[in-house]
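Participant: Dropping a structure here in structure tokens format, bear with me for questions.
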Amino acid sequence: MPEVRVPRRFVFSGLGALGVAVALAGCAGGDGGGSGKPKVAAGDELTTTDEVPVGGGIVLTDAKVVVTQPTAGKFEAFTAVCTHQGLTVTSVADGRIQCAHHGSSYSISTGEVEGGPAPSALASVAIKQDGKRILAA
């Protein structure tokens with residue numbers, strides 16, 4: 001069988017193209033955050049009423065839950081996973097649940113989309129109040 005010689009230029013060009021393809025694949029959208037389900041069970045203490053400001057809320061990153069208090073004494077909870085790409089929402093400010101990753105925002109009362117690319121509302125999380133404790137229901 002005759003010996004085939006491949007110029008180095010072609011070998012290095014091919015390796016460079018492969019490197020670019022691998023780098024671009026790492027930048028792809030994907031879901032970015034794994035499961036959108038909260039990591040809580042019924043009875044788990046999420047927070048206390050003192051920690052949730054009226055007209056605002058608190059993001060519980062590890063539990064994947066955001067607890068809000070739209071009006072004094074009324075508490076709501078939603079999954080803290082943005083419906084756009086599955087990343088965790090970042091804050092509650094100006095009466096909205098905010099996802100700073102791509103600009104989505106949600107109502108602190110209903111979880112409905114109020115802005116950005118998110119395609120749907122945040123799912124509600126059942127909670128109950130036991131004195132000052134807010135528990136997963």
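Lettering and numbering for the structure tokens are positional, with chains as A, B, ... in the shown order, residues counted from 1 in each chain, and ligands counted from 1 in the shown order.
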Please return as a VMD selection string: the residues of region 73-136 of chain A that backbone DSSP assigns to strand (DSSP E).
Facilitator: chain A and resid 74 to 79 91 to 93 96 to 99 104 to 107 113 to 115 127 to 130 133 to 136
Participant: Go ahead and save the residues from that selection, with N, CA and C atoms, as a PDB file, in the first residue's frame.
Facilitator:
```pdb
ATOM      1  N   LYS A  74     -50.327  38.476  53.497  1.00  0.00           N
ATOM      2  CA  LYS A  74     -50.689  37.520  52.436  1.00  0.00           C
ATOM      3  C   LYS A  74     -49.403  36.998  51.792  1.00  0.00           C
ATOM      4  N   PHE A  75     -49.150  35.709  51.962  1.00  0.00           N
ATOM      5  CA  PHE A  75     -47.921  35.107  51.456  1.00  0.00           C
ATOM      6  C   PHE A  75     -48.227  34.179  50.288  1.00  0.00           C
ATOM      7  N   GLU A  76     -47.346  34.207  49.302  1.00  0.00           N
ATOM      8  CA  GLU A  76     -47.441  33.345  48.129  1.00  0.00           C
ATOM      9  C   GLU A  76     -46.085  32.679  47.935  1.00  0.00           C
ATOM     10  N   ALA A  77     -46.072  31.555  47.221  1.00  0.00           N
ATOM     11  CA  ALA A  77     -44.801  30.902  46.899  1.00  0.00           C
ATOM     12  C   ALA A  77     -44.872  30.341  45.486  1.00  0.00           C
ATOM     13  N   PHE A  78     -43.724  30.385  44.824  1.00  0.00           N
ATOM     14  CA  PHE A  78     -43.614  29.925  43.446  1.00  0.00           C
ATOM     15  C   PHE A  78     -42.278  29.207  43.278  1.00  0.00           C
ATOM     16  N   THR A  79     -42.197  28.388  42.233  1.00  0.00           N
ATOM     17  CA  THR A  79     -40.903  27.823  41.908  1.00  0.00           C
ATOM     18  C   THR A  79     -39.964  28.976  41.557  1.00  0.00           C
ATOM     19  N   SER A  91     -33.802  37.707  42.146  1.00  0.00           N
ATOM     20  CA  SER A  91     -34.201  38.626  43.208  1.00  0.00           C
ATOM     21  C   SER A  91     -35.687  38.923  43.128  1.00  0.00           C
ATOM     22  N   VAL A  92     -36.147  39.657  44.149  1.00  0.00           N
ATOM     23  CA  VAL A  92     -37.490  40.217  44.134  1.00  0.00           C
ATOM     24  C   VAL A  92     -37.309  41.704  44.380  1.00  0.00           C
ATOM     25  N   ALA A  93     -37.692  42.511  43.396  1.00  0.00           N
ATOM     26  CA  ALA A  93     -37.503  43.959  43.486  1.00  0.00           C
ATOM     27  C   ALA A  93     -38.603  44.663  42.702  1.00  0.00           C
ATOM     28  N   ARG A  96     -41.710  42.778  41.679  1.00  0.00           N
ATOM     29  CA  ARG A  96     -41.610  41.708  40.690  1.00  0.00           C
ATOM     30  C   ARG A  96     -40.537  40.696  41.084  1.00  0.00           C
ATOM     31  N   ILE A  97     -40.771  39.460  40.701  1.00  0.00           N
ATOM     32  CA  ILE A  97     -39.739  38.427  40.803  1.00  0.00           C
ATOM     33  C   ILE A  97     -38.884  38.601  39.559  1.00  0.00           C
ATOM     34  N   GLN A  98     -37.586  38.772  39.750  1.00  0.00           N
ATOM     35  CA  GLN A  98     -36.686  39.116  38.648  1.00  0.00           C
ATOM     36  C   GLN A  98     -35.755  37.961  38.294  1.00  0.00           C
ATOM     37  N   CYS A  99     -35.540  37.782  37.001  1.00  0.00           N
ATOM     38  CA  CYS A  99     -34.501  36.866  36.519  1.00  0.00           C
ATOM     39  C   CYS A  99     -33.531  37.717  35.713  1.00  0.00           C
ATOM     40  N   SER A 104     -36.298  38.340  32.342  1.00  0.00           N
ATOM     41  CA  SER A 104     -37.698  38.001  32.604  1.00  0.00           C
ATOM     42  C   SER A 104     -38.107  38.515  33.976  1.00  0.00           C
ATOM     43  N   SER A 105     -39.407  38.834  34.117  1.00  0.00           N
ATOM     44  CA  SER A 105     -39.942  39.224  35.419  1.00  0.00           C
ATOM     45  C   SER A 105     -41.353  38.672  35.562  1.00  0.00           C
ATOM     46  N   TYR A 106     -41.738  38.474  36.831  1.00  0.00           N
ATOM     47  CA  TYR A 106     -43.001  37.826  37.146  1.00  0.00           C
ATOM     48  C   TYR A 106     -43.715  38.582  38.262  1.00  0.00           C
ATOM     49  N   SER A 107     -45.034  38.475  38.297  1.00  0.00           N
ATOM     50  CA  SER A 107     -45.854  39.073  39.349  1.00  0.00           C
ATOM     51  C   SER A 107     -45.588  38.386  40.685  1.00  0.00           C
ATOM     52  N   VAL A 113     -46.059  36.059  33.971  1.00  0.00           N
ATOM     53  CA  VAL A 113     -44.989  36.794  33.295  1.00  0.00           C
ATOM     54  C   VAL A 113     -45.393  38.253  33.143  1.00  0.00           C
ATOM     55  N   GLU A 114     -44.484  39.160  33.510  1.00  0.00           N
ATOM     56  CA  GLU A 114     -44.722  40.592  33.347  1.00  0.00           C
ATOM     57  C   GLU A 114     -43.732  41.236  32.387  1.00  0.00           C
ATOM     58  N   GLY A 115     -42.698  40.489  31.997  1.00  0.00           N
ATOM     59  CA  GLY A 115     -41.737  41.032  31.051  1.00  0.00           C
ATOM     60  C   GLY A 115     -40.676  40.013  30.692  1.00  0.00           C
ATOM     61  N   ILE A 127     -48.065  26.453  50.238  1.00  0.00           N
ATOM     62  CA  ILE A 127     -47.469  26.783  51.535  1.00  0.00           C
ATOM     63  C   ILE A 127     -48.567  26.941  52.568  1.00  0.00           C
ATOM     64  N   LYS A 128     -48.163  26.900  53.833  1.00  0.00           N
ATOM     65  CA  LYS A 128     -49.078  27.199  54.933  1.00  0.00           C
ATOM     66  C   LYS A 128     -48.282  27.954  55.985  1.00  0.00           C
ATOM     67  N   GLN A 129     -49.004  28.745  56.746  1.00  0.00           N
ATOM     68  CA  GLN A 129     -48.379  29.540  57.792  1.00  0.00           C
ATOM     69  C   GLN A 129     -48.672  28.907  59.145  1.00  0.00           C
ATOM     70  N   ASP A 130     -47.636  28.760  59.948  1.00  0.00           N
ATOM     71  CA  ASP A 130     -47.765  28.221  61.301  1.00  0.00           C
ATOM     72  C   ASP A 130     -47.109  29.242  62.225  1.00  0.00           C
ATOM     73  N   ARG A 133     -43.813  30.925  61.127  1.00  0.00           N
ATOM     74  CA  ARG A 133     -43.135  30.031  60.182  1.00  0.00           C
ATOM     75  C   ARG A 133     -43.954  29.852  58.911  1.00  0.00           C
ATOM     76  N   ILE A 134     -43.264  29.849  57.766  1.00  0.00           N
ATOM     77  CA  ILE A 134     -43.896  29.539  56.491  1.00  0.00           C
ATOM     78  C   ILE A 134     -43.370  28.179  56.067  1.00  0.00           C
ATOM     79  N   LEU A 135     -44.308  27.237  55.907  1.00  0.00           N
ATOM     80  CA  LEU A 135     -43.962  25.844  55.624  1.00  0.00           C
ATOM     81  C   LEU A 135     -44.467  25.422  54.256  1.00  0.00           C
ATOM     82  N   ALA A 136     -43.765  24.480  53.636  1.00  0.00           N
ATOM     83  CA  ALA A 136     -44.287  23.847  52.428  1.00  0.00           C
ATOM     84  C   ALA A 136     -45.485  23.009  52.846  1.00  0.00           C
TER      85      ALA A 136
END
```
Participant: So that I can see what lies close to Thr68 (chain A), please list as a PyMOL selection string the residues with an atom at most 7 Å from it, counting only C-alpha atoms and leaving out residues fewer than 2 positions away in the same chain.
Facilitator: chain A and resi 52+56-58+66+70+75-77+108
Participant: Of the candidates A:Gly43, A:Thr49, A:His84, A:Leu60, which one gets nearest to Ala72 (chain A) if we count only C-alpha atoms?
Facilitator: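 The answer is A:Thr49, which sits nearest to Ala72 (chain A).
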Participant: Taking 2 positions as the minimum chain separation for residues in the same chain, which residues sit within 6 Å of Ala63 (chain A) when counting only C-alpha atoms? Answer as a list in words.
Facilitator: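 The residues that qualify are Pro38, Lys39, Leu60, Thr61 and Val65 of chain A.
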Participant: Taking N, CA and C atoms for each residue, export the selection above as a compact mmCIF listing (two decimals), in the first residue's frame.
Facilitator:
```
# COMPACT_ATOMS: atom_id res chain seq x y z
N PRO A 38 -39.28 22.47 42.75
CA PRO A 38 -38.73 22.86 44.06
C PRO A 38 -38.22 21.64 44.81
N LYS A 39 -37.21 21.87 45.62
CA LYS A 39 -36.61 20.79 46.41
C LYS A 39 -37.10 20.87 47.84
N LEU A 60 -35.22 31.57 47.76
CA LEU A 60 -34.57 30.48 48.50
C LEU A 60 -33.91 29.58 47.46
N THR A 61 -32.69 29.93 47.11
CA THR A 61 -31.99 29.29 46.00
C THR A 61 -31.87 27.78 46.15
N VAL A 65 -37.33 27.88 45.56
CA VAL A 65 -38.63 28.47 45.86
C VAL A 65 -38.43 29.96 46.10
```
Participant: Neighbours of Gly55 (chain A) within 7 Å (only C-alpha atoms; same-chain residues fewer than 3 positions away dropped), as an MDAnalysis selection string?
Facilitator: chainID A and resid 69:71 95
Participant: Keeping only C-alpha atoms, write those residues as a PDB file, in the first residue's frame.
Facilitator:
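File written: result-v2.pdb
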```pdb
ATOM      1  CA  GLN A  69     -45.763  38.973  50.422  1.00  0.00           C
ATOM      2  CA  PRO A  70     -47.765  41.033  47.905  1.00  0.00           C
ATOM      3  CA  THR A  71     -49.797  42.699  50.664  1.00  0.00           C
ATOM      4  CA  GLY A  95     -42.906  44.337  43.125  1.00  0.00           C
TER       5      GLY A  95
END
```
Participant: Using only C-alpha atoms, which of the listed residues (A:Thr90, A:Thr83, A:Thr47, A:Ser120) sits closest to Val67 (chain A)?
Facilitator: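 Among the listed residues, the smallest separation from Val67 (chain A) belongs to A:Thr47.
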Participant: Using only C-alpha atoms, which protein or nucleic acid residues come within 7 Å of Cys82 (chain A)? Drop anything in the same chain fewer than 4 positions from it, and give the result as an MDAnalysis selection string.
Facilitator: chainID A and resid 86:89 99 122
Participant: Filtering to C-alpha atoms, could you give me those residues as a tab-separated table (two decimals), in the first residue's frame?
Facilitator:
```tsv
chain	number	residue	atom	x	y	z
A	86	GLY	CA	-34.45	27.00	33.63
A	87	LEU	CA	-32.06	29.26	35.54
A	88	THR	CA	-32.83	30.32	39.10
A	89	VAL	CA	-34.50	33.72	39.47
A	99	CYS	CA	-34.50	36.87	36.52
A	122	LEU	CA	-43.90	30.41	37.52
```
Participant: Tell me, in Å to one decimal, how far CA of Ser109 (chain A) is from CA of Ala42 (chain A).
Facilitator: 21.6 Å
Participant: From the list A:Ala137, A:Lys132, A:Gly73, A:Ala123, which residue is nearest Val54 (chain A) when using only C-alpha atoms?
Facilitator: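 Answer, going by the shortest atom-to-atom distance: A:Gly73.
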